[in-house]
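**Student:** File name protein_6.cif; file contents mmCIF, C-alpha atoms; full text below.
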data_run
loop_
_atom_site.label_atom_id
_atom_site.label_comp_id
_atom_site.auth_asym_id
_atom_site.auth_seq_id
_atom_site.Cartn_x
_atom_site.Cartn_y
_atom_site.Cartn_z
CA MET Z 14 -108.27 44.53 38.99
CA ALA Z 15 -104.83 43.23 38.02
CA ALA Z 16 -102.86 41.46 40.70
CA GLU Z 17 -99.51 43.14 41.12
CA LEU Z 18 -96.09 42.31 42.51
CA GLU Z 19 -94.33 45.27 44.04
CA VAL Z 20 -91.36 46.80 42.25
CA GLY Z 21 -88.33 44.79 43.32
CA GLY Z 22 -90.11 41.44 43.18
CA ARG Z 23 -91.23 41.11 46.79
CA ALA Z 24 -94.65 39.64 47.65
CA THR Z 25 -96.25 36.39 46.60
CA SER Z 26 -97.84 35.36 43.32
CA PRO Z 27 -101.66 35.20 43.28
CA LYS Z 28 -103.12 31.84 44.20
CA SER Z 29 -104.66 31.49 40.75
CA ALA Z 30 -101.22 31.38 39.15
CA SER Z 31 -99.87 27.98 38.06
CA SER Z 32 -96.76 26.46 39.61
CA ASP Z 33 -94.80 27.20 36.40
CA GLU Z 34 -95.92 30.81 36.50
CA ARG Z 35 -94.88 31.20 40.12
CA ALA Z 36 -91.55 29.45 39.47
CA PHE Z 37 -90.83 31.66 36.45
CA PHE Z 38 -91.27 34.90 38.37
CA ALA Z 39 -89.42 33.54 41.40
CA LEU Z 40 -86.43 32.92 39.09
CA VAL Z 41 -86.60 35.93 36.77
CA GLY Z 42 -88.03 38.62 39.00
CA PRO Z 43 -85.25 39.04 41.59
CA ALA Z 44 -82.61 39.17 38.85
CA LEU Z 45 -84.21 42.11 37.02
CA ARG Z 46 -82.73 45.10 38.84
CA ARG Z 47 -81.32 47.40 36.19
CA GLU Z 48 -84.39 48.02 34.03
CA ALA Z 49 -88.13 48.31 34.63
CA VAL Z 50 -89.82 45.19 33.24
CA HIS Z 51 -93.55 44.51 33.62
CA PHE Z 52 -95.18 41.19 32.71
CA ARG Z 53 -98.90 40.83 32.02
CA PHE Z 54 -100.77 37.54 31.88
CA ASP Z 55 -104.54 37.07 32.20
CA ASP Z 56 -105.64 39.49 34.94
CA ARG Z 57 -102.24 39.62 36.61
CA GLU Z 58 -99.38 42.08 36.32
CA TYR Z 59 -95.87 41.59 37.70
CA ARG Z 60 -93.52 44.55 38.04
CA PHE Z 61 -89.78 44.26 38.53
CA GLY Z 62 -86.70 46.44 38.41
CA VAL Z 63 -86.27 50.18 38.69
CA GLU Z 64 -88.76 53.00 38.24
CA GLY Z 65 -89.03 54.51 34.78
CA ASP Z 66 -90.31 53.78 31.30
CA PRO Z 67 -91.01 50.04 31.50
CA ILE Z 68 -90.65 47.22 29.04
CA VAL Z 69 -94.10 45.61 29.02
CA VAL Z 70 -94.22 41.93 28.08
CA ARG Z 71 -97.66 40.47 27.37
CA ILE Z 72 -97.77 36.68 27.75
CA LEU Z 73 -100.43 35.10 25.54
CA ASP Z 74 -99.91 31.38 26.13
CA PRO Z 75 -99.65 29.72 29.58
CA LYS Z 76 -97.13 27.24 28.14
CA PHE Z 77 -94.68 30.15 27.96
CA PHE Z 78 -93.61 29.73 31.59
CA GLY Z 79 -92.75 26.03 31.47
CA HIS Z 80 -91.04 26.27 28.09
CA VAL Z 81 -88.73 29.09 29.17
CA LEU Z 82 -88.01 27.41 32.51
CA SER Z 83 -87.05 24.21 30.70
CA PHE Z 84 -85.10 25.57 27.72
CA GLY Z 85 -83.94 29.09 28.61
CA ASN Z 86 -83.15 31.24 25.57
CA LEU Z 87 -84.18 28.42 23.23
CA GLY Z 88 -87.59 28.31 24.90
CA LEU Z 89 -87.93 32.09 24.84
CA GLY Z 90 -87.00 32.22 21.15
CA GLU Z 91 -89.48 29.51 20.26
CA CYS Z 92 -92.18 31.33 22.22
CA TYR Z 93 -91.41 34.46 20.19
CA MET Z 94 -91.60 32.46 16.96
CA THR Z 95 -95.02 31.04 17.86
CA GLY Z 96 -96.48 34.25 19.28
CA ALA Z 97 -96.65 33.01 22.88
CA PHE Z 98 -95.59 36.47 24.02
CA GLU Z 99 -95.27 39.95 22.57
CA ILE Z 100 -93.66 43.24 23.52
CA ALA Z 101 -96.55 45.57 24.31
CA HIS Z 102 -94.26 48.50 25.14
CA GLY Z 103 -90.55 49.00 24.65
CA SER Z 104 -88.60 46.69 22.35
CA LEU Z 105 -87.46 43.09 22.08
CA GLU Z 106 -83.88 44.38 22.14
CA ARG Z 107 -84.32 46.13 25.48
CA PHE Z 108 -86.03 43.03 26.91
CA LEU Z 109 -83.30 40.62 25.82
CA ILE Z 110 -80.52 42.92 27.03
CA ALA Z 111 -82.28 43.16 30.42
CA LEU Z 112 -82.43 39.35 30.62
CA ALA Z 113 -78.78 39.06 29.55
CA ARG Z 114 -77.64 41.51 32.22
CA ALA Z 115 -79.69 39.60 34.78
CA GLU Z 116 -77.97 36.33 33.68
CA VAL Z 117 -81.31 34.56 33.48
CA GLU Z 118 -79.97 31.95 31.04
CA LYS Z 119 -77.25 31.00 33.53
CA ALA Z 120 -79.89 30.54 36.23
CA VAL Z 121 -81.98 28.28 33.98
CA ARG Z 122 -78.93 26.16 33.14
CA SER Z 123 -78.11 25.69 36.80
CA ASN Z 124 -80.77 22.96 36.77
CA PRO Z 125 -79.03 19.77 35.51
CA LEU Z 126 -82.31 18.48 34.06
CA ASN Z 127 -82.51 21.51 31.79
CA VAL Z 128 -78.99 20.86 30.50
CA LEU Z 129 -79.93 17.26 29.68
CA ARG Z 130 -82.90 18.49 27.64
CA LEU Z 131 -80.48 20.27 25.30
CA VAL Z 132 -78.21 17.28 24.66
CA PRO Z 133 -80.14 16.01 21.59
CA ILE Z 134 -79.51 19.31 19.79
CA TYR Z 135 -75.74 19.09 20.24
CA LEU Z 136 -75.65 15.38 19.36
CA ARG Z 137 -77.55 16.02 16.13
CA ASN Z 138 -75.09 18.75 15.14
CA MET Z 139 -72.11 16.47 15.88
CA VAL Z 140 -73.53 13.63 13.78
CA ARG Z 141 -74.42 15.95 10.90
CA GLY Z 142 -70.84 17.19 10.60
CA ARG Z 143 -69.16 20.47 9.69
CA TYR Z 144 -69.99 20.53 5.96
CA ARG Z 145 -73.72 19.96 6.46
CA ASN Z 146 -73.88 22.33 9.44
CA VAL Z 147 -72.24 25.13 7.45
CA GLN Z 148 -74.33 24.53 4.35
CA SER Z 149 -77.58 24.37 6.35
CA HIS Z 150 -77.10 28.05 7.18
CA TYR Z 151 -75.11 29.63 4.36
CA ASP Z 152 -76.89 27.84 1.49
CA ILE Z 153 -80.44 28.87 2.50
CA GLY Z 154 -80.65 31.44 -0.28
CA GLN Z 155 -78.50 34.22 -1.65
CA GLU Z 156 -81.54 36.51 -1.83
CA LEU Z 157 -81.86 36.39 1.96
CA PHE Z 158 -78.27 37.49 2.59
CA GLU Z 159 -78.45 40.19 -0.08
CA SER Z 160 -81.58 41.52 1.64
CA PHE Z 161 -79.77 42.55 4.81
CA LEU Z 162 -75.97 42.44 4.40
CA GLY Z 163 -75.72 45.43 2.07
CA PRO Z 164 -72.82 46.25 -0.30
CA GLY Z 165 -69.98 43.75 -0.08
CA THR Z 166 -72.29 41.15 1.54
CA ALA Z 167 -69.98 40.79 4.55
CA TYR Z 168 -71.50 38.49 7.17
CA SER Z 169 -69.30 39.50 10.11
CA CYS Z 170 -68.80 42.32 12.57
CA GLY Z 171 -67.99 45.67 11.00
CA TYR Z 172 -65.95 48.51 12.52
CA ALA Z 173 -67.88 51.59 13.63
CA LEU Z 174 -66.73 55.08 14.53
CA SER Z 175 -70.20 55.89 15.85
CA ALA Z 176 -73.37 53.94 16.60
CA ASP Z 177 -75.05 55.61 13.62
CA ASP Z 178 -72.51 54.58 10.97
CA SER Z 179 -73.82 53.05 7.78
CA LEU Z 180 -73.31 49.35 7.18
CA ALA Z 181 -71.24 50.04 4.07
CA ASP Z 182 -68.87 52.30 6.01
CA MET Z 183 -68.48 49.81 8.87
CA GLN Z 184 -67.68 46.90 6.57
CA THR Z 185 -65.31 48.85 4.31
CA ARG Z 186 -63.49 50.13 7.40
CA LYS Z 187 -63.24 46.56 8.74
CA PHE Z 188 -61.81 45.29 5.44
CA ASP Z 189 -59.26 48.09 5.31
CA ARG Z 190 -58.13 47.68 8.93
CA ILE Z 191 -57.52 43.97 8.30
CA CYS Z 192 -55.49 44.76 5.19
CA ARG Z 193 -53.40 47.30 7.12
CA LYS Z 194 -52.90 44.93 10.05
CA LEU Z 195 -51.61 42.33 7.58
CA ARG Z 196 -49.35 44.98 5.99
CA LEU Z 197 -50.47 44.01 2.51
CA ARG Z 198 -48.22 45.11 -0.34
CA PRO Z 199 -48.56 44.86 -4.12
CA GLY Z 200 -47.67 41.35 -5.24
CA ASP Z 201 -48.47 39.66 -1.92
CA ARG Z 202 -50.25 36.33 -2.12
CA LEU Z 203 -53.28 36.46 0.21
CA LEU Z 204 -55.40 33.49 1.28
CA ASP Z 205 -58.84 33.97 2.86
CA ILE Z 206 -60.05 30.83 4.67
CA GLY Z 207 -63.83 30.88 4.61
CA CYS Z 208 -64.00 33.77 2.15
CA GLY Z 209 -67.79 34.22 2.21
CA PHE Z 210 -69.01 36.30 -0.71
CA GLY Z 211 -65.51 37.58 -1.45
CA GLY Z 212 -65.80 41.12 -0.08
CA LEU Z 213 -62.45 41.20 1.74
CA LEU Z 214 -60.58 39.69 -1.23
CA ILE Z 215 -62.14 42.19 -3.62
CA HIS Z 216 -61.12 45.08 -1.36
CA ALA Z 217 -57.58 43.74 -1.03
CA ALA Z 218 -57.20 43.18 -4.77
CA LYS Z 219 -58.57 46.60 -5.73
CA HIS Z 220 -56.83 48.74 -3.09
CA TYR Z 221 -53.65 46.83 -2.23
CA GLY Z 222 -52.71 45.11 -5.50
CA VAL Z 223 -52.46 41.60 -4.06
CA GLN Z 224 -53.05 38.22 -5.69
CA CYS Z 225 -55.91 36.53 -3.82
CA THR Z 226 -57.18 33.03 -3.16
CA GLY Z 227 -60.37 32.29 -1.27
CA ILE Z 228 -61.71 28.95 -0.07
CA THR Z 229 -65.19 28.02 1.14
CA ILE Z 230 -67.34 24.95 1.75
CA ALA Z 231 -70.64 26.78 1.11
CA HIS Z 232 -71.92 26.33 -2.45
CA ASP Z 233 -73.65 29.74 -2.61
CA HIS Z 234 -70.54 31.47 -1.31
CA HIS Z 235 -68.38 29.83 -3.97
CA ARG Z 236 -70.71 30.73 -6.82
CA CYS Z 237 -71.36 34.30 -5.64
CA ALA Z 238 -67.74 35.09 -4.73
CA VAL Z 239 -66.63 34.17 -8.27
CA ALA Z 240 -69.38 36.35 -9.76
CA ASN Z 241 -68.69 39.25 -7.39
CA ALA Z 242 -64.97 39.27 -8.19
CA ALA Z 243 -65.70 39.33 -11.90
CA ALA Z 244 -68.28 42.11 -11.51
CA ALA Z 245 -65.75 44.18 -9.53
CA GLY Z 246 -63.21 43.85 -12.35
CA VAL Z 247 -60.68 41.83 -10.33
CA GLY Z 248 -61.64 38.31 -11.42
CA ASP Z 249 -58.17 37.83 -12.90
CA ARG Z 250 -56.56 38.44 -9.49
CA ILE Z 251 -58.90 36.34 -7.36
CA GLU Z 252 -59.25 32.56 -7.39
CA ILE Z 253 -62.13 31.02 -5.40
CA ARG Z 254 -61.85 27.32 -4.58
CA PHE Z 255 -64.40 24.95 -3.04
CA ALA Z 256 -62.16 23.59 -0.30
CA SER Z 257 -61.79 23.35 3.47
CA HIS Z 258 -59.05 24.48 5.85
CA GLU Z 259 -57.49 21.04 5.35
CA GLU Z 260 -56.66 21.91 1.70
CA LEU Z 261 -54.88 25.26 1.80
CA GLY Z 262 -52.17 24.83 -0.78
CA GLY Z 263 -49.67 27.68 -0.83
CA PRO Z 264 -47.30 29.21 -0.12
CA TYR Z 265 -48.96 32.50 0.87
CA ASP Z 266 -47.46 35.70 2.23
CA LYS Z 267 -50.57 36.54 4.24
CA ILE Z 268 -53.47 34.40 5.51
CA VAL Z 269 -56.74 35.69 6.94
CA SER Z 270 -59.89 34.05 8.23
CA VAL Z 271 -62.99 36.06 9.13
CA GLY Z 272 -66.04 34.42 10.70
CA MET Z 273 -65.07 30.86 9.76
CA PHE Z 274 -63.23 29.62 12.85
CA GLU Z 275 -66.50 29.46 14.84
CA HIS Z 276 -67.50 26.43 12.78
CA LEU Z 277 -64.54 24.33 13.93
CA THR Z 278 -64.47 21.97 16.88
CA ARG Z 279 -61.62 21.81 19.38
CA ARG Z 280 -60.38 18.70 17.56
CA ASP Z 281 -59.96 20.83 14.42
CA TYR Z 282 -57.80 23.51 16.06
CA PRO Z 283 -54.39 21.75 15.81
CA VAL Z 284 -55.07 20.83 12.18
CA PHE Z 285 -56.14 24.38 11.31
CA PHE Z 286 -53.10 26.09 12.85
CA GLY Z 287 -50.72 23.44 11.61
CA ASN Z 288 -51.96 23.91 8.04
CA VAL Z 289 -51.76 27.69 8.36
CA LYS Z 290 -48.15 27.48 9.53
CA ARG Z 291 -47.18 25.22 6.64
CA ALA Z 292 -48.99 27.40 4.10
CA LEU Z 293 -47.39 30.68 5.27
CA THR Z 294 -44.03 31.86 4.01
CA LYS Z 295 -41.28 32.16 6.63
CA ASP Z 296 -41.93 35.90 7.04
CA GLY Z 297 -45.70 35.58 6.60
CA LEU Z 298 -48.46 37.11 8.71
CA GLY Z 299 -51.87 35.76 9.64
CA LEU Z 300 -55.02 37.27 11.11
CA LEU Z 301 -57.90 35.40 12.73
CA HIS Z 302 -61.22 37.23 13.20
CA THR Z 303 -63.70 35.18 15.24
CA VAL Z 304 -66.58 35.52 17.64
CA GLY Z 305 -65.17 34.42 20.98
CA CYS Z 306 -65.82 33.93 24.66
CA ALA Z 307 -64.30 35.89 27.55
CA ALA Z 308 -65.49 33.59 30.35
CA ALA Z 309 -63.94 30.53 31.96
CA LYS Z 310 -66.79 28.32 30.72
CA ASN Z 311 -67.83 28.47 27.09
CA ARG Z 312 -71.59 27.95 26.83
CA HIS Z 313 -73.21 27.44 23.43
CA ASP Z 314 -76.54 29.19 22.98
CA PRO Z 315 -79.16 26.49 22.28
CA PHE Z 316 -81.38 28.72 20.11
CA ILE Z 317 -78.51 29.49 17.75
CA GLN Z 318 -77.38 25.86 17.81
CA LYS Z 319 -80.84 24.59 16.82
CA TYR Z 320 -82.04 27.20 14.35
CA MET Z 321 -79.21 29.32 12.97
CA LEU Z 322 -75.60 28.15 13.30
CA PRO Z 323 -75.60 24.45 14.20
CA GLY Z 324 -72.33 23.08 15.50
CA SER Z 325 -70.76 26.53 15.99
CA ARG Z 326 -68.73 27.50 19.03
CA ALA Z 327 -67.01 30.63 20.33
CA PRO Z 328 -63.36 29.97 21.26
CA LYS Z 329 -61.68 31.46 24.31
CA LEU Z 330 -58.61 33.62 23.75
CA SER Z 331 -56.61 31.16 25.85
CA GLU Z 332 -57.46 28.39 23.35
CA LEU Z 333 -56.27 30.48 20.41
CA ALA Z 334 -53.11 31.53 22.24
CA ALA Z 335 -52.29 27.94 23.21
CA GLN Z 336 -52.53 26.78 19.60
CA LEU Z 337 -50.40 29.64 18.26
CA GLU Z 338 -47.79 28.99 20.96
CA ALA Z 339 -47.79 25.26 20.18
CA HIS Z 340 -47.07 26.03 16.52
CA ASP Z 341 -44.36 28.65 17.19
CA MET Z 342 -46.42 31.49 15.72
CA PRO Z 343 -46.01 34.58 17.92
CA ILE Z 344 -49.02 36.79 18.65
CA LEU Z 345 -48.36 40.37 17.52
CA ASP Z 346 -51.66 41.99 18.45
CA VAL Z 347 -55.08 41.12 19.91
CA GLU Z 348 -58.12 43.38 19.60
CA ASN Z 349 -61.61 42.73 20.95
CA ILE Z 350 -64.03 44.60 18.65
CA VAL Z 351 -67.26 43.27 20.17
CA ARG Z 352 -68.49 46.83 20.87
CA HIS Z 353 -68.75 47.24 17.10
CA TYR Z 354 -71.04 44.23 16.69
CA ALA Z 355 -74.27 45.73 18.05
CA PRO Z 356 -74.25 48.62 15.51
CA THR Z 357 -73.54 46.08 12.73
CA LEU Z 358 -76.40 43.84 13.85
CA ARG Z 359 -78.82 46.77 14.12
CA ARG Z 360 -78.14 47.73 10.50
CA TRP Z 361 -78.76 44.09 9.49
CA LYS Z 362 -82.05 44.06 11.37
CA GLU Z 363 -83.16 47.35 9.81
CA ASN Z 364 -82.34 46.05 6.33
CA PHE Z 365 -84.07 42.71 6.90
CA THR Z 366 -87.22 44.39 8.22
CA ALA Z 367 -87.36 46.72 5.23
CA ALA Z 368 -86.67 43.95 2.69
CA TYR Z 369 -88.85 41.17 4.12
CA PRO Z 370 -92.08 42.17 2.30
CA LYS Z 371 -90.27 41.57 -1.00
CA LEU Z 372 -88.88 38.12 -0.11
CA ASP Z 373 -90.56 34.88 -1.15
CA HIS Z 374 -92.90 34.15 1.76
CA ASN Z 375 -93.30 30.54 0.69
CA LYS Z 376 -89.59 30.11 1.39
CA TYR Z 377 -89.27 32.63 4.23
CA ASN Z 378 -92.61 32.46 6.03
CA GLU Z 379 -93.77 34.36 9.11
CA THR Z 380 -92.22 31.83 11.48
CA PHE Z 381 -88.88 32.28 9.68
CA ARG Z 382 -89.24 36.05 9.98
CA GLN Z 383 -89.79 35.80 13.73
CA MET Z 384 -86.90 33.34 14.06
CA PHE Z 385 -84.48 35.54 12.13
CA GLU Z 386 -85.54 38.68 13.98
CA TYR Z 387 -85.01 36.91 17.30
CA PHE Z 388 -81.60 35.60 16.19
CA ILE Z 389 -80.33 39.07 15.30
CA THR Z 390 -81.83 40.65 18.41
CA CYS Z 391 -80.44 38.09 20.85
CA SER Z 392 -77.06 38.53 19.12
CA ILE Z 393 -77.29 42.26 19.89
CA ALA Z 394 -78.00 41.39 23.52
CA ALA Z 395 -75.06 38.97 23.59
CA ALA Z 396 -72.70 41.60 22.16
CA THR Z 397 -73.96 44.17 24.67
CA ALA Z 398 -74.26 42.33 27.97
CA THR Z 399 -72.63 38.89 27.97
CA GLU Z 400 -69.21 37.24 27.84
CA ALA Z 401 -69.31 37.29 24.02
CA THR Z 402 -66.33 38.83 22.23
CA VAL Z 403 -65.09 39.37 18.68
CA PHE Z 404 -61.35 38.74 18.56
CA GLN Z 405 -58.92 39.85 15.89
CA VAL Z 406 -55.65 38.04 16.54
CA LEU Z 407 -52.65 39.05 14.43
CA PHE Z 408 -49.74 36.59 14.38
CA ALA Z 409 -46.52 35.83 12.52
CA ASN Z 410 -44.74 32.71 11.30
CA ASN Z 411 -41.44 33.53 13.04
CA PHE Z 412 -40.19 35.35 16.10
CA GLY Z 413 -37.86 37.75 14.28
CA ILE Z 414 -40.40 39.77 12.32
CA ASP Z 415 -40.19 43.56 12.63
CA MET Z 416 -42.97 45.20 14.64
CA PRO Z 417 -44.24 48.75 13.96
CA PHE Z 418 -44.31 51.17 16.91
CA GLU Z 419 -48.05 51.86 16.49
CA ARG Z 420 -50.89 49.39 16.15
CA VAL Z 421 -53.48 49.82 13.42
#
Could I get this structure in the form of structure tokens?
**Tutor:**
Amino acid sequence: MAAELEVGGRATSPKSASSDERAFFALVGPALRREAVHFRFDDREYRFGVEGDPIVVRILDPKFFGHVLSFGNLGLGECYMTGAFEIAHGSLERFLIALARAEVEKAVRSNPLNVLRLVPIYLRNMVRGRYRNVQSHYDIGQELFESFLGPGTAYSCGYALSADDSLADMQTRKFDRICRKLRLRPGDRLLDIGCGFGGLLIHAAKHYGVQCTGITIAHDHHRCAVANAAAAGVGDRIEIRFASHEELGGPYDKIVSVGMFEHLTRRDYPVFFGNVKRALTKDGLGLLHTVGCAAAKNRHDPFIQKYMLPGSRAPKLSELAAQLEAHDMPILDVENIVRHYAPTLRRWKENFTAAYPKLDHNKYNETFRQMFEYFITCSIAAATATEATVFQVLFANNFGIDMPFERV
């Protein structure tokens, strides 16, 4: 008969349980209050949280407990990749959101030894540098991104009117809102820093009649953005350059950056904003779209740092505001669109799941599939129940610019 902890986490673990097993449930169990979560391992069952339809987690490897205790979300992600646990009932998304709401990762990191275990990951990313960190993710294969990003291949948060919106609608709406925030007019010169596959530039050129320049340091992005602009019939109005934020050129009437700023370090911030100011015309506007952090302490998720976006960070709004103030560029509007990220990520996950059987499994094997699924799912959890944000900061290059009465 299965040994059982009472709902709410009271009672003691069975004597047959290892010290890691007992420590894991002593840490995780009391924090799980908002959702019913049951864990099964060997002949034991542990029940926590409220009554109702439970998430049932079956643990298949005893090393699960020690690995998660030592490495938090990194350990949990690696256990998912290796099949050390599975979701027997419910979904991985519900499980990760429950853990995020319970702030389990924060509890794991309260142990200084656990923080030290993560230092080699961050050191490796620092030594490797921004170019290699960016290319290690974005140059892993165009076929992968095409498999889940959908039309426009936009790899950033869309803008939803409902949770059931299509990916195409969310991304087109995002592009158009950015263009309207920037008040694009025919003949404007628009620069996109970190232009990705060119979707925003193509939309701006086709619907707003602007002359566009995009820069990127990802080889696949450069090649595909050029091809995409030509295929859309606006290749004559869009120039794509292989360059970094340190080589902007100009002048430009409008400057935008979507999903690139996360790859900069704090040391890069003054250079970035200084170059933007110099590249903008006197009456120019800029918009920065970036994943951000709404907490006093900015923690970098170790799973994402190791496997998906090495060297990335999520800036606080105070950091962005301080840089804009230091460069005499007034903030006109700030919008946090993080609530739109979970619907975007769910569409990506649905597309990836449907497309995976057709991908090259020698290049994207089962471990990669599990890794990518975990990455998208823990990003949904972060957008739903953590300090994560998605900021859109609109700013100007002088203090005398006219402001409309209504925001976009």
**Student:** For the provided coordinates, the residues matched by the PyMOL selection byres ((chain Z and resi 300) around 9) should be stated as an MDAnalysis selection string.
**Tutor:** chainID Z and resid 191 194:195 267:271 298:299 301:302 405:409
**Student:** Exactly which residues make up the result of the PyMOL selection byres ((chain Z and resi 372) around 12) on this file, given as a ChimeraX atom specification?
**Tutor:** /Z:154-161,365-371,373-379,381-382
**Student:** So that I can see what lies close to range 64-80 of chain Z, please list as a VMD selection string the residues with an atom at most 9 Å from it, counting all atoms listed in the file and leaving out residues fewer than 6 positions away in the same chain.
**Tutor:** chain Z and resid 20 31 33 to 38 48 to 55 87 to 89 91 to 92 96 to 105 107 to 108
**Student:** What would the selection look like, as an mmCIF file with C-alpha atoms, in the coordinates of the input, if the PyMOL selection byres ((chain Z and resi 250) around 9) were run on the coordinates I just shared?
**Tutor:**
data_model
loop_
_atom_site.group_PDB
_atom_site.id
_atom_site.type_symbol
_atom_site.label_atom_id
_atom_site.label_comp_id
_atom_site.auth_asym_id
_atom_site.auth_seq_id
_atom_site.Cartn_x
_atom_site.Cartn_y
_atom_site.Cartn_z
ATOM 1 C CA ILE Z 215 -62.140 42.190 -3.620
ATOM 2 C CA ALA Z 218 -57.200 43.180 -4.770
ATOM 3 C CA GLY Z 222 -52.710 45.110 -5.500
ATOM 4 C CA VAL Z 223 -52.460 41.600 -4.060
ATOM 5 C CA GLN Z 224 -53.050 38.220 -5.690
ATOM 6 C CA CYS Z 225 -55.910 36.530 -3.820
ATOM 7 C CA THR Z 226 -57.180 33.030 -3.160
ATOM 8 C CA ALA Z 242 -64.970 39.270 -8.190
ATOM 9 C CA VAL Z 247 -60.680 41.830 -10.330
ATOM 10 C CA GLY Z 248 -61.640 38.310 -11.420
ATOM 11 C CA ASP Z 249 -58.170 37.830 -12.900
ATOM 12 C CA ILE Z 251 -58.900 36.340 -7.360
ATOM 13 C CA GLU Z 252 -59.250 32.560 -7.390
#
**Student:** Give the answer as one residue: which of Z:Leu82, Z:Met183, Z:Leu277, Z:Ala240 has the shortest atom-to-atom distance to Gly207 in chain Z, using only C-alpha atoms?
**Tutor:**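 For Gly207 in chain Z, the nearest of the candidates is Z:Leu277.
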**Student:** Distance CA of Asp205 in chain Z-CA of Gly227 in chain Z, one decimal place?
**Tutor:**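 If I compute the distance from CA of Asp205 in chain Z to CA of Gly227 in chain Z, I get 4.7 Å.
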**Student:** Quick one, how far is CA of Pro43 in chain Z from CA of Phe61 in chain Z?
**Tutor:** 7.6 Å
**Student:** Compile the contact shell of range 344-361 of chain Z as a PyMOL selection string: residues with an atom at most 8 Å away, counting all atoms listed in the file, same-chain residues fewer than 2 positions apart removed.
**Tutor:** chain Z and resi 161-162+170-173+176-180+183+334+337+342+363-365+389-390+392-394+396-397+401-409+416+420
**Student:** Go ahead and compute the interatomic distance for CA of Asp314 in chain Z and CA of Tyr59 in chain Z, in Å to one decimal.
**Tutor:**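 Result for CA of Asp314 in chain Z versus CA of Tyr59 in chain Z: 27.3 Å, one decimal.
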**Student:** Rank nothing, just name the residue among Z:Lys362, Z:Ala395, Z:Asn311, Z:Pro199 nearest to Leu109 in chain Z, using all atoms listed in the file.
**Tutor:**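 That would be Z:Ala395, the residue with the smallest distance to Leu109 in chain Z.
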**Student:** Box along x, y and z, 6 Å on every side, all listed atoms of range 53-63 of chain Z inside: centre and edge lengths in Å to one decimal, as lines of an AutoDock Vina configuration file.
**Tutor:**
center_x = -96.0
center_y = 43.6
center_z = 35.3
size_x = 31.4
size_y = 25.1
size_z = 18.8
**Student:** With all atoms listed in the file as the basis for distance, which of Z:Val421, Z:Ile253, Z:Tyr387, Z:Glu332 is at the shortest distance from Lys187 in chain Z?
**Tutor:**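 Smallest separation from Lys187 in chain Z among the options: Z:Val421.
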